[in-house]
file input-v6.txt (compact mmCIF, C-alpha atoms)
# COMPACT_ATOMS: atom_id res chain seq x y z
CA MET A 1 -20.61 -21.36 -10.92
CA GLY A 2 -18.53 -23.17 -8.34
CA LYS A 3 -14.91 -22.34 -7.64
CA GLU A 4 -14.00 -25.80 -8.95
CA ASN A 5 -15.00 -24.66 -12.44
CA SER A 6 -13.12 -21.37 -12.14
CA LYS A 7 -11.24 -19.94 -15.02
CA VAL A 8 -8.12 -18.22 -13.79
CA VAL A 9 -5.70 -16.31 -15.99
CA VAL A 10 -2.69 -14.30 -14.89
CA LEU A 11 -1.35 -11.60 -17.18
CA ALA A 12 2.32 -11.63 -16.26
CA PHE A 13 5.89 -10.99 -17.19
CA TRP A 14 8.33 -13.77 -16.25
CA ALA A 15 10.81 -11.47 -14.47
CA SER A 16 8.22 -9.39 -12.62
CA PRO A 17 8.53 -10.00 -8.89
CA TYR A 18 4.97 -8.75 -8.53
CA ALA A 19 3.59 -11.37 -10.91
CA MET A 20 5.58 -14.01 -9.02
CA ARG A 21 3.60 -13.20 -5.85
CA THR A 22 0.32 -13.98 -7.58
CA LYS A 23 1.61 -17.21 -9.10
CA ILE A 24 2.98 -18.37 -5.73
CA ALA A 25 -0.35 -17.62 -4.05
CA LEU A 26 -2.34 -19.56 -6.66
CA ARG A 27 0.05 -22.51 -6.45
CA GLU A 28 -0.09 -22.52 -2.66
CA LYS A 29 -3.86 -22.91 -2.96
CA GLY A 30 -3.59 -25.57 -5.65
CA VAL A 31 -5.54 -23.44 -8.14
CA GLU A 32 -5.20 -24.31 -11.85
CA PHE A 33 -4.36 -21.23 -13.87
CA GLU A 34 -3.10 -20.07 -17.21
CA VAL A 35 -0.32 -17.52 -17.63
CA GLN A 36 -0.44 -15.06 -20.48
CA GLU A 37 3.04 -13.68 -20.95
CA GLU A 38 3.04 -9.95 -21.73
CA ASP A 39 5.56 -7.95 -23.72
CA LEU A 40 5.86 -4.89 -21.49
CA TRP A 41 7.00 -2.77 -24.44
CA ASN A 42 3.92 -3.78 -26.41
CA LYS A 43 1.11 -4.43 -23.95
CA SER A 44 -1.83 -6.52 -25.06
CA GLU A 45 -5.33 -5.18 -25.62
CA LEU A 46 -6.48 -7.48 -22.81
CA LEU A 47 -3.99 -6.00 -20.34
CA LEU A 48 -4.89 -2.41 -21.20
CA ARG A 49 -8.59 -3.24 -20.93
CA SER A 50 -8.24 -5.23 -17.70
CA ASN A 51 -6.09 -2.70 -15.87
CA PRO A 52 -6.95 0.67 -17.41
CA VAL A 53 -5.86 2.65 -14.35
CA HIS A 54 -2.28 1.39 -14.03
CA LYS A 55 -1.79 -0.70 -17.21
CA LYS A 56 0.59 -2.97 -15.30
CA VAL A 57 1.18 -6.66 -14.70
CA PRO A 58 0.16 -8.74 -12.94
CA VAL A 59 -3.55 -8.82 -13.59
CA LEU A 60 -5.54 -11.71 -12.16
CA ILE A 61 -8.58 -12.55 -14.26
CA HIS A 62 -11.01 -14.81 -12.39
CA ASN A 63 -14.00 -15.91 -14.45
CA ASP A 64 -13.41 -12.93 -16.76
CA THR A 65 -13.30 -10.44 -13.86
CA PRO A 66 -9.98 -8.62 -13.53
CA ILE A 67 -8.25 -7.77 -10.27
CA SER A 68 -5.16 -5.57 -10.19
CA GLU A 69 -2.26 -4.96 -7.79
CA SER A 70 -0.29 -8.01 -6.63
CA LEU A 71 -0.89 -7.80 -2.87
CA ILE A 72 -4.59 -7.22 -3.43
CA GLN A 73 -4.61 -10.30 -5.67
CA VAL A 74 -2.85 -12.38 -2.99
CA GLN A 75 -5.46 -11.32 -0.42
CA TYR A 76 -8.26 -12.06 -2.91
CA ILE A 77 -6.82 -15.52 -3.58
CA ASP A 78 -6.59 -16.15 0.16
CA GLU A 79 -10.22 -15.09 0.71
CA THR A 80 -11.63 -16.94 -2.30
CA TRP A 81 -9.94 -20.35 -2.06
CA THR A 82 -10.51 -21.04 1.59
CA ASP A 83 -10.08 -24.85 1.56
CA ALA A 84 -6.30 -24.60 1.63
CA ALA A 85 -4.38 -23.02 4.52
CA SER A 86 -4.74 -19.24 4.90
CA PHE A 87 -1.81 -16.93 4.23
CA LEU A 88 -2.78 -14.78 7.18
CA PRO A 89 -3.11 -15.75 10.84
CA THR A 90 -6.56 -15.77 12.46
CA ASP A 91 -6.19 -13.23 15.24
CA PRO A 92 -6.59 -9.57 14.28
CA GLN A 93 -3.38 -8.35 15.96
CA SER A 94 -1.19 -10.86 14.09
CA ARG A 95 -3.04 -10.11 10.86
CA ALA A 96 -2.43 -6.39 11.29
CA SER A 97 1.24 -7.10 11.97
CA ALA A 98 1.51 -9.26 8.82
CA ARG A 99 -0.11 -6.51 6.73
CA PHE A 100 2.24 -3.95 8.22
CA TRP A 101 5.34 -5.97 7.36
CA ALA A 102 4.09 -6.84 3.89
CA ASP A 103 3.49 -3.15 3.26
CA PHE A 104 6.98 -2.32 4.58
CA ALA A 105 8.58 -4.98 2.39
CA ASP A 106 6.55 -3.85 -0.62
CA LYS A 107 7.59 -0.22 -0.23
CA THR A 108 11.27 -0.78 0.56
CA ILE A 109 12.31 -3.84 -1.49
CA SER A 110 10.97 -2.94 -4.89
CA PHE A 111 11.68 -2.83 -8.59
CA GLU A 112 12.30 0.94 -8.36
CA GLY A 113 14.60 0.39 -5.38
CA GLY A 114 16.55 -2.24 -7.29
CA LYS A 115 16.79 0.08 -10.27
CA LYS A 116 18.82 2.51 -8.16
CA ILE A 117 21.43 -0.25 -8.02
CA TRP A 118 21.36 -1.78 -11.52
CA GLY A 119 20.28 1.42 -13.24
CA ASN A 120 23.34 3.38 -12.19
CA LYS A 121 27.01 3.05 -12.90
CA LYS A 122 29.37 2.51 -9.99
CA GLY A 123 29.31 5.74 -8.00
CA GLU A 124 27.41 7.86 -5.53
CA GLU A 125 23.88 7.14 -6.80
CA GLN A 126 24.49 3.41 -6.83
CA GLU A 127 26.01 3.50 -3.35
CA LYS A 128 22.94 5.35 -2.09
CA GLY A 129 20.70 2.71 -3.67
CA LYS A 130 22.70 -0.11 -2.11
CA LYS A 131 22.60 1.54 1.32
CA GLU A 132 18.81 1.99 1.23
CA PHE A 133 18.28 -1.56 0.00
CA LEU A 134 20.49 -3.15 2.65
CA GLU A 135 19.16 -0.96 5.48
CA SER A 136 15.61 -2.05 4.69
CA LEU A 137 16.59 -5.67 4.25
CA LYS A 138 18.26 -5.58 7.67
CA VAL A 139 15.06 -4.26 9.27
CA LEU A 140 13.21 -7.18 7.66
CA GLU A 141 15.91 -9.58 8.83
CA ALA A 142 15.47 -8.33 12.41
CA GLU A 143 11.73 -8.92 12.11
CA LEU A 144 12.32 -12.44 10.76
CA GLY A 145 14.64 -13.19 13.66
CA ASP A 146 15.09 -16.89 14.21
CA LYS A 147 11.71 -17.86 12.77
CA PRO A 148 11.74 -20.17 9.73
CA TYR A 149 9.30 -17.85 7.95
CA PHE A 150 7.96 -14.34 8.55
CA GLY A 151 4.68 -16.10 9.28
CA GLY A 152 6.40 -18.10 12.05
CA GLU A 153 6.21 -21.84 11.52
CA THR A 154 4.10 -21.42 8.41
CA PHE A 155 4.81 -19.76 5.07
CA GLY A 156 2.47 -16.81 4.71
CA TYR A 157 1.57 -13.38 3.42
CA VAL A 158 4.82 -11.57 4.19
CA ASP A 159 6.89 -14.44 2.79
CA ILE A 160 4.86 -14.36 -0.45
CA THR A 161 5.35 -10.58 -0.65
CA LEU A 162 9.13 -10.63 -0.29
CA VAL A 163 10.39 -13.93 -1.72
CA PRO A 164 10.16 -12.97 -5.43
CA PHE A 165 12.95 -10.46 -4.86
CA TYR A 166 15.19 -13.36 -3.79
CA SER A 167 15.42 -14.18 -7.50
CA TRP A 168 16.73 -10.66 -8.12
CA PHE A 169 19.46 -10.72 -5.45
CA TYR A 170 22.11 -12.17 -7.76
CA ALA A 171 21.52 -9.50 -10.43
CA LEU A 172 21.71 -6.73 -7.82
CA GLU A 173 24.87 -8.23 -6.32
CA LYS A 174 26.60 -8.43 -9.70
CA CYS A 175 25.63 -4.89 -10.70
CA GLY A 176 26.34 -3.39 -7.31
CA ASP A 177 29.37 -5.48 -6.40
CA PHE A 178 28.19 -6.64 -2.99
CA SER A 179 26.94 -9.75 -1.26
CA VAL A 180 23.45 -9.99 0.24
CA GLU A 181 24.49 -13.11 2.17
CA ALA A 182 27.39 -11.27 3.84
CA GLU A 183 25.05 -8.49 4.97
CA CYS A 184 21.84 -10.44 5.64
CA PRO A 185 22.62 -14.14 6.12
CA LYS A 186 19.25 -14.95 7.74
CA ILE A 187 17.37 -13.47 4.79
CA VAL A 188 19.36 -15.59 2.35
CA ALA A 189 18.78 -18.70 4.49
CA TRP A 190 15.08 -17.85 4.53
CA GLY A 191 15.09 -17.42 0.74
CA LYS A 192 16.69 -20.85 0.28
CA ARG A 193 14.09 -22.37 2.61
CA CYS A 194 11.23 -20.77 0.64
CA VAL A 195 12.59 -21.95 -2.70
CA GLU A 196 12.25 -25.53 -1.43
CA ARG A 197 8.50 -25.07 -1.60
CA ASN A 198 7.03 -26.18 -4.93
CA SER A 199 4.93 -23.05 -5.26
CA VAL A 200 7.99 -20.82 -4.99
CA ALA A 201 10.33 -22.97 -7.09
CA ALA A 202 7.76 -23.05 -9.90
CA SER A 203 7.17 -19.30 -9.80
CA LEU A 204 10.68 -17.84 -9.49
CA PRO A 205 12.93 -17.70 -12.55
CA GLU A 206 16.59 -18.68 -12.31
CA SER A 207 18.75 -15.92 -10.90
CA GLU A 208 21.06 -16.09 -13.93
CA LYS A 209 18.13 -15.46 -16.27
CA VAL A 210 17.09 -12.44 -14.22
CA TYR A 211 20.67 -11.15 -14.38
CA GLN A 212 20.70 -11.48 -18.17
CA GLN A 213 17.42 -9.55 -18.31
CA VAL A 214 18.88 -6.81 -16.10
CA LEU A 215 21.93 -6.56 -18.42
CA LYS A 216 19.50 -6.06 -21.30
CA LEU A 217 17.72 -3.33 -19.34
CA ARG A 218 21.02 -1.64 -18.56
CA GLN A 219 21.73 -1.52 -22.29
CA ILE A 220 18.27 -0.13 -23.06
CA PHE A 221 18.64 2.53 -20.38
CA GLY A 222 22.15 3.35 -21.51
CA VAL A 223 23.91 2.45 -18.27
CA GLU A 224 27.58 2.22 -19.23
CA MET B 225 -11.80 -7.62 30.70
CA ALA B 226 -12.65 -4.13 29.46
CA ASP B 227 -10.93 -3.07 26.28
CA LYS B 228 -8.35 -0.35 26.64
CA VAL B 229 -7.99 1.63 23.43
CA ILE B 230 -5.57 4.51 22.98
CA LEU B 231 -5.06 6.47 19.77
CA LEU B 232 -1.79 8.37 19.28
CA ASP B 233 -2.68 11.05 16.77
CA PHE B 234 -2.14 14.60 15.49
CA TRP B 235 -5.26 16.71 15.11
CA PRO B 236 -5.00 17.92 11.47
CA SER B 237 -3.67 14.61 10.12
CA PRO B 238 -5.83 13.20 7.29
CA PHE B 239 -4.49 9.77 8.29
CA GLY B 240 -5.28 10.11 11.97
CA VAL B 241 -8.82 11.16 11.03
CA ARG B 242 -9.37 7.79 9.37
CA ALA B 243 -8.67 5.93 12.61
CA ARG B 244 -10.91 8.27 14.63
CA ILE B 245 -13.80 7.83 12.20
CA ALA B 246 -13.49 4.04 12.20
CA LEU B 247 -13.52 3.88 16.01
CA ARG B 248 -16.58 6.12 16.18
CA GLU B 249 -18.40 4.19 13.45
CA LYS B 250 -18.01 1.14 15.67
CA GLY B 251 -18.94 2.99 18.86
CA VAL B 252 -15.59 2.16 20.50
CA GLU B 253 -14.59 4.16 23.58
CA PHE B 254 -11.03 5.36 23.19
CA GLU B 255 -8.50 7.71 24.72
CA TYR B 256 -7.18 10.26 22.24
CA ARG B 257 -3.62 11.39 22.82
CA GLU B 258 -2.27 14.36 20.92
CA GLU B 259 1.32 13.97 19.72
CA ASN B 260 3.72 16.82 19.16
CA LEU B 261 5.35 15.72 15.92
CA ARG B 262 8.41 17.83 16.66
CA ASP B 263 8.83 16.15 20.01
CA LYS B 264 7.46 12.64 19.69
CA SER B 265 6.53 10.84 22.88
CA PRO B 266 8.57 7.85 24.09
CA LEU B 267 5.34 5.83 23.77
CA LEU B 268 5.00 6.68 20.05
CA LEU B 269 8.64 5.81 19.38
CA GLN B 270 8.24 2.56 21.28
CA MET B 271 4.96 1.57 19.61
CA ASN B 272 5.97 2.51 16.05
CA PRO B 273 9.75 2.15 15.96
CA VAL B 274 9.86 1.50 12.21
CA HIS B 275 8.07 4.63 10.95
CA LYS B 276 7.68 6.73 14.14
CA LYS B 277 4.43 8.10 12.69
CA ILE B 278 0.85 8.62 13.77
CA PRO B 279 -1.77 7.26 13.90
CA VAL B 280 -0.95 4.37 16.20
CA LEU B 281 -3.79 2.42 17.75
CA ILE B 282 -2.83 0.77 21.03
CA HIS B 283 -5.33 -1.93 21.92
CA ASN B 284 -4.78 -3.56 25.30
CA GLY B 285 -1.13 -2.55 25.14
CA LYS B 286 -0.48 -3.82 21.60
CA PRO B 287 0.16 -1.41 18.71
CA VAL B 288 -1.32 -1.30 15.22
CA CYS B 289 0.27 1.11 12.72
CA GLU B 290 -0.53 2.57 9.28
CA SER B 291 -3.92 4.25 8.99
CA MET B 292 -5.78 1.87 6.66
CA ASN B 293 -4.26 -1.10 8.47
CA VAL B 294 -5.68 0.39 11.69
CA VAL B 295 -9.08 0.78 9.99
CA GLN B 296 -9.05 -2.87 8.86
CA TYR B 297 -8.04 -4.00 12.35
CA ILE B 298 -10.89 -2.01 13.90
CA ASP B 299 -13.28 -3.60 11.39
CA GLU B 300 -12.11 -7.11 12.28
CA VAL B 301 -12.11 -6.69 16.06
CA TRP B 302 -15.41 -4.83 16.39
CA SER B 303 -17.17 -6.81 13.73
CA ASP B 304 -20.64 -6.71 15.28
CA LYS B 305 -21.70 -3.36 13.83
CA ASN B 306 -21.29 -1.09 10.81
CA PRO B 307 -19.05 -3.25 8.61
CA ILE B 308 -16.40 -1.12 6.92
CA LEU B 309 -15.15 -3.62 4.33
CA PRO B 310 -17.68 -5.65 2.31
CA SER B 311 -17.80 -9.42 2.88
CA ASP B 312 -17.48 -10.51 -0.76
CA PRO B 313 -13.82 -11.13 -1.77
CA TYR B 314 -14.15 -9.31 -5.11
CA GLN B 315 -15.81 -6.25 -3.50
CA ARG B 316 -13.06 -6.27 -0.87
CA ALA B 317 -10.41 -6.37 -3.61
CA GLN B 318 -12.06 -3.41 -5.31
CA ALA B 319 -12.18 -1.43 -2.05
CA ARG B 320 -8.50 -2.17 -1.40
CA PHE B 321 -7.58 -1.23 -4.98
CA TRP B 322 -9.21 2.19 -4.69
CA VAL B 323 -7.69 2.86 -1.27
CA ASP B 324 -4.29 2.01 -2.76
CA PHE B 325 -5.07 4.42 -5.62
CA VAL B 326 -6.02 7.16 -3.15
CA ASP B 327 -2.84 6.71 -1.15
CA THR B 328 -0.52 6.55 -4.16
CA LYS B 329 -2.07 9.12 -6.50
CA LEU B 330 -3.47 11.76 -4.14
CA TYR B 331 -0.83 11.87 -1.45
CA GLU B 332 2.10 13.47 -3.28
CA PRO B 333 0.16 16.10 -5.27
CA ALA B 334 -1.80 17.03 -2.12
CA ASP B 335 1.43 17.50 -0.23
CA LYS B 336 2.97 19.58 -3.02
CA ILE B 337 -0.09 21.85 -3.16
CA TRP B 338 0.61 22.73 0.44
CA GLN B 339 4.38 22.98 0.23
CA THR B 340 5.17 24.58 -3.12
CA LYS B 341 4.27 27.52 -5.30
CA GLY B 342 4.42 28.61 -8.92
CA GLU B 343 4.87 25.98 -11.62
CA GLU B 344 5.49 23.12 -9.20
CA GLN B 345 2.19 23.88 -7.46
CA GLU B 346 0.36 24.16 -10.80
CA THR B 347 1.61 20.74 -11.85
CA ALA B 348 0.57 19.31 -8.48
CA LYS B 349 -2.92 20.84 -8.87
CA LYS B 350 -3.31 19.24 -12.30
CA GLU B 351 -2.25 15.79 -11.03
CA TYR B 352 -4.52 16.14 -8.01
CA ILE B 353 -7.56 17.00 -10.12
CA GLU B 354 -6.76 14.21 -12.60
CA ALA B 355 -6.68 11.69 -9.78
CA LEU B 356 -9.91 13.08 -8.30
CA LYS B 357 -11.60 12.74 -11.70
CA ILE B 358 -10.63 9.09 -11.92
CA LEU B 359 -12.07 8.60 -8.44
CA GLU B 360 -15.24 10.44 -9.44
CA SER B 361 -15.69 8.16 -12.41
CA GLU B 362 -15.33 5.14 -10.09
CA LEU B 363 -17.89 6.66 -7.69
CA GLY B 364 -20.40 7.04 -10.55
CA ASP B 365 -23.97 7.45 -9.31
CA LYS B 366 -23.37 5.86 -5.93
CA PRO B 367 -23.86 7.97 -2.79
CA TYR B 368 -20.66 6.50 -1.37
CA PHE B 369 -17.72 4.55 -2.79
CA GLY B 370 -19.06 1.74 -0.62
CA GLY B 371 -22.38 1.90 -2.53
CA ASP B 372 -25.30 2.68 -0.28
CA THR B 373 -23.15 2.52 2.80
CA PHE B 374 -20.18 4.52 4.03
CA GLY B 375 -17.17 2.21 3.84
CA PHE B 376 -13.46 1.61 3.49
CA VAL B 377 -12.75 3.91 0.54
CA ASP B 378 -15.00 6.65 1.93
CA ILE B 379 -13.05 6.59 5.20
CA ALA B 380 -9.77 6.85 3.28
CA MET B 381 -11.12 9.76 1.22
CA THR B 382 -12.58 11.66 4.18
CA GLY B 383 -9.06 12.43 5.32
CA TYR B 384 -8.52 14.23 2.01
CA TYR B 385 -12.03 15.76 2.03
CA SER B 386 -11.11 17.43 5.31
CA TRP B 387 -8.24 19.17 3.53
CA PHE B 388 -10.17 20.15 0.36
CA GLU B 389 -11.03 23.65 1.51
CA ALA B 390 -7.50 24.42 2.69
CA SER B 391 -6.00 23.05 -0.54
CA GLU B 392 -8.39 25.14 -2.65
CA LYS B 393 -7.50 28.33 -0.79
CA LEU B 394 -3.74 27.65 -0.83
CA ALA B 395 -3.60 26.95 -4.56
CA ASN B 396 -6.48 29.15 -5.67
CA PHE B 397 -8.72 26.62 -7.36
CA SER B 398 -12.09 25.00 -6.90
CA ILE B 399 -12.72 21.28 -6.86
CA GLU B 400 -16.53 21.36 -7.22
CA PRO B 401 -16.73 22.46 -10.87
CA GLU B 402 -14.18 19.78 -11.78
CA CYS B 403 -15.70 16.97 -9.71
CA PRO B 404 -19.31 17.77 -8.77
CA THR B 405 -20.48 14.26 -7.84
CA LEU B 406 -17.34 13.60 -5.81
CA MET B 407 -17.97 16.85 -3.92
CA ALA B 408 -21.57 15.79 -3.28
CA SER B 409 -20.30 12.52 -1.79
CA ALA B 410 -17.68 14.44 0.19
CA LYS B 411 -20.35 16.69 1.71
CA ARG B 412 -22.41 13.61 2.58
CA CYS B 413 -19.37 12.07 4.34
CA LEU B 414 -18.48 15.29 6.15
CA GLN B 415 -21.99 15.35 7.67
CA ARG B 416 -21.80 11.90 9.25
CA GLU B 417 -21.75 11.97 13.02
CA SER B 418 -18.54 9.93 13.30
CA VAL B 419 -16.84 12.38 10.92
CA VAL B 420 -18.17 15.57 12.52
CA LYS B 421 -16.91 14.35 15.90
CA SER B 422 -13.49 13.48 14.44
CA LEU B 423 -12.71 16.64 12.51
CA HIS B 424 -11.71 20.10 13.52
CA ASP B 425 -13.37 22.94 11.69
CA SER B 426 -11.98 24.02 8.37
CA GLU B 427 -10.87 27.43 9.72
CA LYS B 428 -8.45 25.71 12.08
CA ILE B 429 -7.14 23.47 9.32
CA LEU B 430 -6.65 26.45 7.03
CA ALA B 431 -4.75 28.33 9.73
CA PHE B 432 -2.58 25.24 10.19
CA ALA B 433 -2.01 25.09 6.41
CA TYR B 434 -0.76 28.68 6.32
CA LYS B 435 1.57 27.91 9.22
CA ILE B 436 2.97 24.93 7.30
CA ARG B 437 3.57 27.04 4.21
CA LYS B 438 5.52 29.57 6.25
CA ILE B 439 7.72 26.77 7.52
CA TYR B 440 8.43 25.75 3.93
CA CYS B 441 9.13 29.48 3.26
CA VAL B 442 6.48 29.60 0.58
call {"tool": "encode", "arguments": {"input": "input-v6.txt", "output": "structure tokens"}}
result
Amino acid sequence: MGKENSKVVVLAFWASPYAMRTKIALREKGVEFEVQEEDLWNKSELLLRSNPVHKKVPVLIHNDTPISESLIQVQYIDETWTDAASFLPTDPQSRASARFWADFADKTISFEGGKKIWGNKKGEEQEKGKKEFLESLKVLEAELGDKPYFGGETFGYVDITLVPFYSWFYALEKCGDFSVEAECPKIVAWGKRCVERNSVAASLPESEKVYQQVLKLRQIFGVE
Amino acid sequence: MADKVILLDFWPSPFGVRARIALREKGVEFEYREENLRDKSPLLLQMNPVHKKIPVLIHNGKPVCESMNVVQYIDEVWSDKNPILPSDPYQRAQARFWVDFVDTKLYEPADKIWQTKGEEQETAKKEYIEALKILESELGDKPYFGGDTFGFVDIAMTGYYSWFEASEKLANFSIEPECPTLMASAKRCLQRESVVKSLHDSEKILAFAYKIRKIYCV
């Protein structure tokens, strides 16, 4: 069966930055896909069956075959739909560098990292969370430098990895009482540039919506 | 121009081992440089300023960091023999998934087995075995995770296989009765030429493990 007749489904949650990566990647490649919205407190049979090891979103189901883990999905998408531009450069050294920075971004700017900010009241724990978050973001900002994208002139793998968290900045700022723009202006400029791309605009929720979701989570977790 | 390949490494490291194996699988000549992790060389700090960790592969003056990233790089540059990753995108995704599983689910319990005692160590043992069992079920009847050929996941696992004996002695347990087919695959991997040349004998690793435990006052 040709790729043109592919059936592509993404099991997702609208606020998950990880699911956003997969949606951006599919949109960048012009792939038609269906989103099945999951209730993370009541996961579907399909999700549990498709990702029995981690039971997490996103899951990419391509012609009924599931693939788990967002960065692995992005690489799979890049290697399967090869007609559109690749997310990774061609030379091995640059590819290795892109993978390194995507891994760094993935480990340091994360849902768990963000939770240290929104999941704590104002105080020592929250300050620690903010410090770690900003320190890592500054390292990424130094790597970005004056380039329009992490990929250089073209939007690529590292950009796809990090940009979903741009939609979470506002929520973190409100909960942690700080400004990402004041600390990392180049990152915010980069985020704005990325959001001008259709693939990103269509995949990221509004920052206000994310903030409302975080307030709900704060209530559930009993944070003030 | 002849390739110049240097590997900054630390002899017992299960991560460094991965890079060594990959280079040898591809028949690449390289210069091995031992790092003293308590007194890291200026070269290491310059080549891996973000993490300051080994292994670092320096190919014609340019660094590649993070062990499985190094393995993938080696596979892409020296692509003429012994492919490490499969060519099919779905098989590649599966290999990457299981390497991610290895590095997220084995790493912490393995570390805790070495560094803790009592209840904390018991909990770590349980988690370690649980993760190994999931891996064993993925391995199934295959000789290697890569199928008939030694591949990406096998290279990732061999780092941990090299520490099996030391972990068993430190925490007083045996992996074979819990995961017999995984152990069979481990033995197969440990006999490969590229692996034999890249590993120090288990006595040395065990002695190192005891030294580490003393440092953690266990």
call {"tool": "residues_around", "arguments": {"input": "input-v6.txt", "residues": "region 152-168 of chain A", "least_positions_apart": "3", "cutoff": "6 Å", "atoms": "all atoms listed in the file", "output": "PyMOL selection string"}}
result
chain A and resi 17+20-21+87-88+102+147+149+171+207
call {"tool": "closest_residue", "arguments": {"input": "input-v6.txt", "among": "A:Gly151, A:Ser70, A:Ile61, A:Pro205", "to": "Trp190 (chain A)", "atoms": "all atoms listed in the file"}}
result
A:Gly151
call {"tool": "closest_atom_pairs", "arguments": {"input": "input-v6.txt", "of": "chain A", "to": "chain B", "cutoff": "7 Å", "atoms": "all atoms listed in the file", "output": "tab-separated table"}}
result
residue	atom	partner	partner_atom	distance
A:Ile72	CA	B:Ala317	CA	5.9
A:Tyr76	CA	B:Pro313	CA	5.8
A:Glu79	CA	B:Pro313	CA	5.9
A:Thr80	CA	B:Pro313	CA	6.2
A:Pro92	CA	B:Tyr297	CA	6.1
A:Ala96	CA	B:Tyr297	CA	6.2
call {"tool": "residues_near_point", "arguments": {"input": "input-v6.txt", "point": "(-17.1, 10.0, 15.0)", "cutoff": "7 Å", "atoms": "all atoms listed in the file", "output": "list in words"}}
result
Arg244, Ile245, Arg248, Glu249, Glu417, Ser418, Val419, Val420, Lys421 and Ser422 of chain B
call {"tool": "residues_around", "arguments": {"input": "input-v6.txt", "residues": "Asn260 (chain B)", "least_positions_apart": "3", "cutoff": "9 Å", "atoms": "all atoms listed in the file", "output": "list in words"}}
result
Asp233, Phe234, Asp263, Lys264 and Ser265 of chain B
call {"tool": "closest_residue", "arguments": {"input": "input-v6.txt", "among": "B:Val323, B:Leu356, B:Ala408, B:Ala395", "to": "Val377 (chain B)", "atoms": "all atoms listed in the file"}}
result
B:Val323
call {"tool": "axis_aligned_box", "arguments": {"input": "input-v6.txt", "around": "region 364-374 of chain B", "padding_each_side": "8 Å", "output": "AutoDock Vina command-line options"}}
result
--center_x -21.5 --center_y 4.9 --center_z -3.3 --size_x 23.6 --size_y 22.2 --size_z 30.6
call {"tool": "residues_around", "arguments": {"input": "input-v6.txt", "residues": "Phe374 (chain B)", "least_positions_apart": "3", "cutoff": "12 Å", "atoms": "only C-alpha atoms", "output": "VMD selection string"}}
result
chain B and resid 245 to 246 249 306 to 310 319 366 to 371 377 to 382 409 to 410 412 to 419
call {"tool": "atom_distance", "arguments": {"input": "input-v6.txt", "atom1": "CA of Lys329 (chain B)", "atom2": "CA of Ser237 (chain B)"}}
result
17.6 Å
call {"tool": "atom_distance", "arguments": {"input": "input-v6.txt", "atom1": "CA of Phe432 (chain B)", "atom2": "CA of Ile337 (chain B)"}}
result
14.0 Å
call {"tool": "atom_distance", "arguments": {"input": "input-v6.txt", "atom1": "CA of Val59 (chain A)", "atom2": "CA of Cys175 (chain A)"}}
result
29.6 Å
call {"tool": "residues_around", "arguments": {"input": "input-v6.txt", "residues": "region 33-49 of chain A", "least_positions_apart": "3", "cutoff": "8 Å", "atoms": "all atoms listed in the file", "output": "PyMOL selection string"}}
result
chain A and resi 7-14+26+52+55-57+59
call {"tool": "write_last_selection", "arguments": {"input": "input-v6.txt", "atoms": "C-alpha atoms", "output": "PDB file, keeping the file's coordinate frame"}}
result
ATOM      1  CA  LYS A   7     -11.240 -19.940 -15.020  1.00  0.00           C
ATOM      2  CA  VAL A   8      -8.120 -18.220 -13.790  1.00  0.00           C
ATOM      3  CA  VAL A   9      -5.700 -16.310 -15.990  1.00  0.00           C
ATOM      4  CA  VAL A  10      -2.690 -14.300 -14.890  1.00  0.00           C
ATOM      5  CA  LEU A  11      -1.350 -11.600 -17.180  1.00  0.00           C
ATOM      6  CA  ALA A  12       2.320 -11.630 -16.260  1.00  0.00           C
ATOM      7  CA  PHE A  13       5.890 -10.990 -17.190  1.00  0.00           C
ATOM      8  CA  TRP A  14       8.330 -13.770 -16.250  1.00  0.00           C
ATOM      9  CA  LEU A  26      -2.340 -19.560  -6.660  1.00  0.00           C
ATOM     10  CA  PRO A  52      -6.950   0.670 -17.410  1.00  0.00           C
ATOM     11  CA  LYS A  55      -1.790  -0.700 -17.210  1.00  0.00           C
ATOM     12  CA  LYS A  56       0.590  -2.970 -15.300  1.00  0.00           C
ATOM     13  CA  VAL A  57       1.180  -6.660 -14.700  1.00  0.00           C
ATOM     14  CA  VAL A  59      -3.550  -8.820 -13.590  1.00  0.00           C
TER      15      VAL A  59
END
call {"tool": "residues_around", "arguments": {"input": "input-v6.txt", "residues": "Glu402 (chain B)", "least_positions_apart": "4", "cutoff": "8 Å", "atoms": "all atoms listed in the file", "output": "PyMOL selection string"}}
result
chain B and resi 353+357+398
call {"tool": "write_last_selection", "arguments": {"input": "input-v6.txt", "atoms": "C-alpha atoms", "output": "PDB file, keeping the file's coordinate frame"}}
result
ATOM      1  CA  ILE B 353      -7.560  17.000 -10.120  1.00  0.00           C
ATOM      2  CA  LYS B 357     -11.600  12.740 -11.700  1.00  0.00           C
ATOM      3  CA  SER B 398     -12.090  25.000  -6.900  1.00  0.00           C
TER       4      SER B 398
END
call {"tool": "residues_near_point", "arguments": {"input": "input-v6.txt", "point": "(-2.7, 14.4, 22.0)", "cutoff": "12 Å", "atoms": "all atoms listed in the file", "output": "list of chain:residue names"}}
result
B:Ile230, B:Leu231, B:Leu232, B:Asp233, B:Phe234, B:Trp235, B:Pro236, B:Ser237, B:Gly240, B:Glu255, B:Tyr256, B:Arg257, B:Glu258, B:Glu259, B:Asn260, B:Leu261, B:Asp263, B:Lys264, B:Ser265, B:Leu267, B:Leu268, B:Ile278, B:Pro279, B:Val280
